[in-house]
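Notes to accompany the following structure.
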Amino acid sequence: MNKEIVLQPGRCIADKTPTDDIVIHSVGVGIALLLYDEKNRVGGAGLFTISMPPQDTSKADTFPGAGLPNLLKKMKELGADTASLSVKMIGGADLHNAPTILSFGRKNRDATVAALKEVGLTLAKEDTGGSHKRSVKFSIGTGKVALQTVTY
Amino acid sequence: MSEKLSLDTVVRDIDELPSLPAAAMKALEIVRSDGSSASELAEIIRTDQGLTANVLKLCNSAYYGIPQKVDSVQQGIALVGFSAIRNMVVSFAVQDKLEKGTDGYLLGPGDLWRSAVNSAFLAGRIARDKTGPLKDIAFTAGIIHDIGKVVLSKHLISFFDEIVDMVNDKKINFNKAETEVIGFDHAEIGGKIAEKWKFPEDLVESVRHHHSPGFAPAEHQKLVSIIHISDVICLSMGIGIGGDGLNYPMDEHAVKLLSITEADMESYFEYVLGMQETVEQFVS
C-alpha cells in the first residue's frame, strides 16, 4: 500500500519516492498542477489558490507565478529534468453563475497558464471549470493521475 | 419524481436533537438578558473542563493575536471581551453535532466542523474589517450556519440524484433545487433548529438566509451578508465542499452592502490559508 501525502492549499511538493501518492482531497477554485519527469521518476504538485501575488511573501506558493518556479527548483534538486515534464492541470471550478469579477477559478486557471508559459512548459491535459468538487491522487512511481469528480 | 419530504417529519427530527449542553443554555440566557456579570459567565464556563480548554485555546490563538498568554477565563473576558467569550460558549456547544458525518451531502466525519471553524474565523475577520461591532456574533453565526445539513442529511440521500439532475437540467443552484425537490432547503431547516435552541434572532436569520442574504430582515442583513461571503469563500477553497459542489451563488447584494472589493476577496482567500494551523488546533 502506497503512502498518501496530503497536499494542502497553497503548498507545493516535489517527491521521488516511488511508493508515495500525493493526494488532494478537495479542489475548488484552486488549481492543482501536476508535473512529472517520467525518465527520472520525479513528481511535483502545487495547489495554487490565488491569482495575484500574495501580500504576505511567506505565502508565495499560493500564487502560480511564484509557486511554479519554486516547485521546479525543488524538482531539480531531486534530479528532475524540467525541460521534459508532463504537465496536467485540474480544478478551477467556479461558483454557480459567478460574474466575471468573482470567477476565481477562471482567474486561477489563467494565472497558472501564464506561469507555465513564463517557464516554457506546455500543458498536456486539463480538467478545469464547472462548479463541482474534484479529488486527485498522483502516483509518484508511475506519474498516473486519478481524478475523482464529485458527483456530476 | 419522489414524493416531497414532509416538513413535519423533519421537524420531528429537530425535536429529537439533544439539547445544548447546560453551559451553552446558561450562556444563551446571558445573551438574552442584559444584567449578567463577567463573573457569572466565568463561573458557567468553569463548570465544563472541555469548554474552558477550548475558550482558553481560542483566546490564545492567532485569531485574537493577544501578545500575552491568557491563563484564565476571567483574564480572557478582560482581554477579548465579555461578548466574545459568551459567543465562544454558544459556538463550542454545537461542536459534537457538527463533527458527525453528513452522508447526504457526501461530507465525512469532521468535514462540517472544519468548514464551520474556517467560516467562523473568516466571518470574524470580515466583520472586523467591515462592521466592527458584529465580529463576536459573526464568529458564532459562522460556526452554526450549516447546522441544517445535520438534520437534512439522512433524508437527502434518497433525493440526491433528483436534486443533482435538477441542478444540471435547469441550471439552478443546489439549495434552490433542494427546495424544488424536497420542499425546503438546509438553510430553512437550520433556521428552525436555531429557533428550537432559542438562539437570538440575529443568529436564527443568519442561518436561515445564509444563501439568500437579501431576504433577511433589514436590521440583520449585514451579519447575514458576512456569513454568506465567508461561506462561499470557504466552499470555493474546497473547505466543506461536498456533493453540492460550488453550486451556490455569490450574492452581489451582499458584496455591495459590505463594500467588498476584488482585492478584499483575494485577501480573504489569503487569510483562510494563513489560519489553517490555527484551525487544526480545533479540529483534530
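Convention: chains lettered A, B, ... in C-alpha cells order; per-chain residue numbering from 1; ligands numbered from 1 as shown.
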
* To do: Output the contact residues of chain B with respect to chain A at a cut-off of 6 Å, based on only C-alpha atoms, as a list in words.
  =>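 Matching residues, ligands excluded from the count: Ser236, Met237, Gly238, Gly243, Gly245, Leu246, Asn247, Tyr248 and Pro249 of chain B.
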
Convert the current residue selection to file output with all heavy atoms, as a tab-separated table (two decimals), in the first residue's frame.
```tsv
chain	number	residue	atom	x	y	z
B	236	SER	N	-15.37	27.79	-1.89
B	236	SER	CA	-14.53	27.98	-3.08
B	236	SER	C	-13.15	27.39	-2.89
B	236	SER	O	-12.53	26.91	-3.83
B	236	SER	CB	-14.38	29.48	-3.39
B	236	SER	OG	-15.61	30.02	-3.75
B	237	MET	N	-12.67	27.44	-1.65
B	237	MET	CA	-11.33	26.91	-1.37
B	237	MET	C	-11.36	25.40	-1.16
B	237	MET	O	-10.34	24.81	-0.79
B	237	MET	CB	-10.75	27.61	-0.16
B	237	MET	CG	-10.53	29.08	-0.43
B	237	MET	SD	-9.70	29.91	0.89
B	237	MET	CE	-8.06	29.27	0.68
B	238	GLY	N	-12.53	24.81	-1.34
B	238	GLY	CA	-12.63	23.36	-1.19
B	238	GLY	C	-12.89	22.94	0.24
B	238	GLY	O	-12.84	21.75	0.56
B	243	GLY	N	-21.04	16.94	-2.16
B	243	GLY	CA	-21.72	16.61	-3.41
B	243	GLY	C	-22.43	17.81	-4.00
B	243	GLY	O	-22.75	17.82	-5.20
B	245	GLY	N	-21.09	20.59	-4.33
B	245	GLY	CA	-20.09	21.34	-5.08
B	245	GLY	C	-20.12	22.83	-4.79
B	245	GLY	O	-20.38	23.25	-3.66
B	246	LEU	N	-19.85	23.60	-5.83
B	246	LEU	CA	-19.87	25.06	-5.70
B	246	LEU	C	-21.17	25.61	-6.29
B	246	LEU	O	-21.21	26.75	-6.76
B	246	LEU	CB	-18.68	25.67	-6.43
B	246	LEU	CG	-17.30	25.37	-5.84
B	246	LEU	CD1	-16.22	26.03	-6.68
B	246	LEU	CD2	-17.20	25.87	-4.42
B	247	ASN	N	-22.19	24.77	-6.28
B	247	ASN	CA	-23.45	25.19	-6.90
B	247	ASN	C	-24.28	26.11	-6.01
B	247	ASN	O	-25.45	25.85	-5.71
B	247	ASN	CB	-24.25	23.96	-7.31
B	247	ASN	CG	-23.71	23.37	-8.59
B	247	ASN	OD1	-23.79	24.00	-9.64
B	247	ASN	ND2	-23.12	22.20	-8.49
B	248	TYR	N	-23.64	27.14	-5.55
B	248	TYR	CA	-24.31	28.19	-4.78
B	248	TYR	C	-23.92	29.53	-5.39
B	248	TYR	O	-22.81	29.68	-5.91
B	248	TYR	CB	-23.86	28.14	-3.31
B	248	TYR	CG	-24.30	26.86	-2.61
B	248	TYR	CD1	-23.40	25.83	-2.39
B	248	TYR	CD2	-25.62	26.70	-2.20
B	248	TYR	CE1	-23.80	24.66	-1.76
B	248	TYR	CE2	-26.02	25.54	-1.57
B	248	TYR	CZ	-25.11	24.52	-1.35
B	248	TYR	OH	-25.53	23.37	-0.74
B	249	PRO	N	-24.81	30.49	-5.30
B	249	PRO	CA	-24.48	31.79	-5.89
B	249	PRO	C	-23.68	32.67	-4.92
B	249	PRO	O	-23.76	32.48	-3.71
B	249	PRO	CB	-25.86	32.41	-6.13
B	249	PRO	CG	-26.71	31.82	-5.05
B	249	PRO	CD	-26.16	30.45	-4.76
```

* To do: Mind listing the strand (DSSP E) residues of chain A, per DSSP on the backbone, as an MDAnalysis selection string?
  => chainID A and resid 3:6 12:15 20:27 31:37 42:48 86:91 125:128 133:139 145:150

Just list as a PDB file with C-alpha atoms, in the first residue's frame whatever in range 90-134 of chain A DSSP marks as helix (DSSP H, G or I).
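File written: states30.pdb
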```pdb
ATOM      1  CA  THR A 100     -16.582  37.713 -14.143  1.00  0.00           C
ATOM      2  CA  ILE A 101     -15.280  39.675 -11.159  1.00  0.00           C
ATOM      3  CA  LEU A 102     -15.962  36.684  -8.899  1.00  0.00           C
ATOM      4  CA  PHE A 104     -11.828  32.946  -9.075  1.00  0.00           C
ATOM      5  CA  GLY A 105     -11.497  29.519 -10.701  1.00  0.00           C
ATOM      6  CA  ARG A 106     -11.103  31.021 -14.163  1.00  0.00           C
ATOM      7  CA  LYS A 107      -8.648  33.613 -12.838  1.00  0.00           C
ATOM      8  CA  ASN A 108      -6.567  30.914 -11.126  1.00  0.00           C
ATOM      9  CA  ARG A 109      -6.550  28.896 -14.343  1.00  0.00           C
ATOM     10  CA  ASP A 110      -5.442  31.902 -16.409  1.00  0.00           C
ATOM     11  CA  ALA A 111      -2.712  32.767 -13.900  1.00  0.00           C
ATOM     12  CA  THR A 112      -1.441  29.171 -13.990  1.00  0.00           C
ATOM     13  CA  VAL A 113      -1.417  29.091 -17.803  1.00  0.00           C
ATOM     14  CA  ALA A 114       0.549  32.365 -17.782  1.00  0.00           C
ATOM     15  CA  ALA A 115       3.028  30.943 -15.250  1.00  0.00           C
ATOM     16  CA  LEU A 116       3.507  27.815 -17.386  1.00  0.00           C
ATOM     17  CA  LYS A 117       4.176  29.983 -20.441  1.00  0.00           C
ATOM     18  CA  GLU A 118       6.662  32.035 -18.457  1.00  0.00           C
ATOM     19  CA  VAL A 119       8.762  28.965 -17.639  1.00  0.00           C
TER      20      VAL A 119
END
```
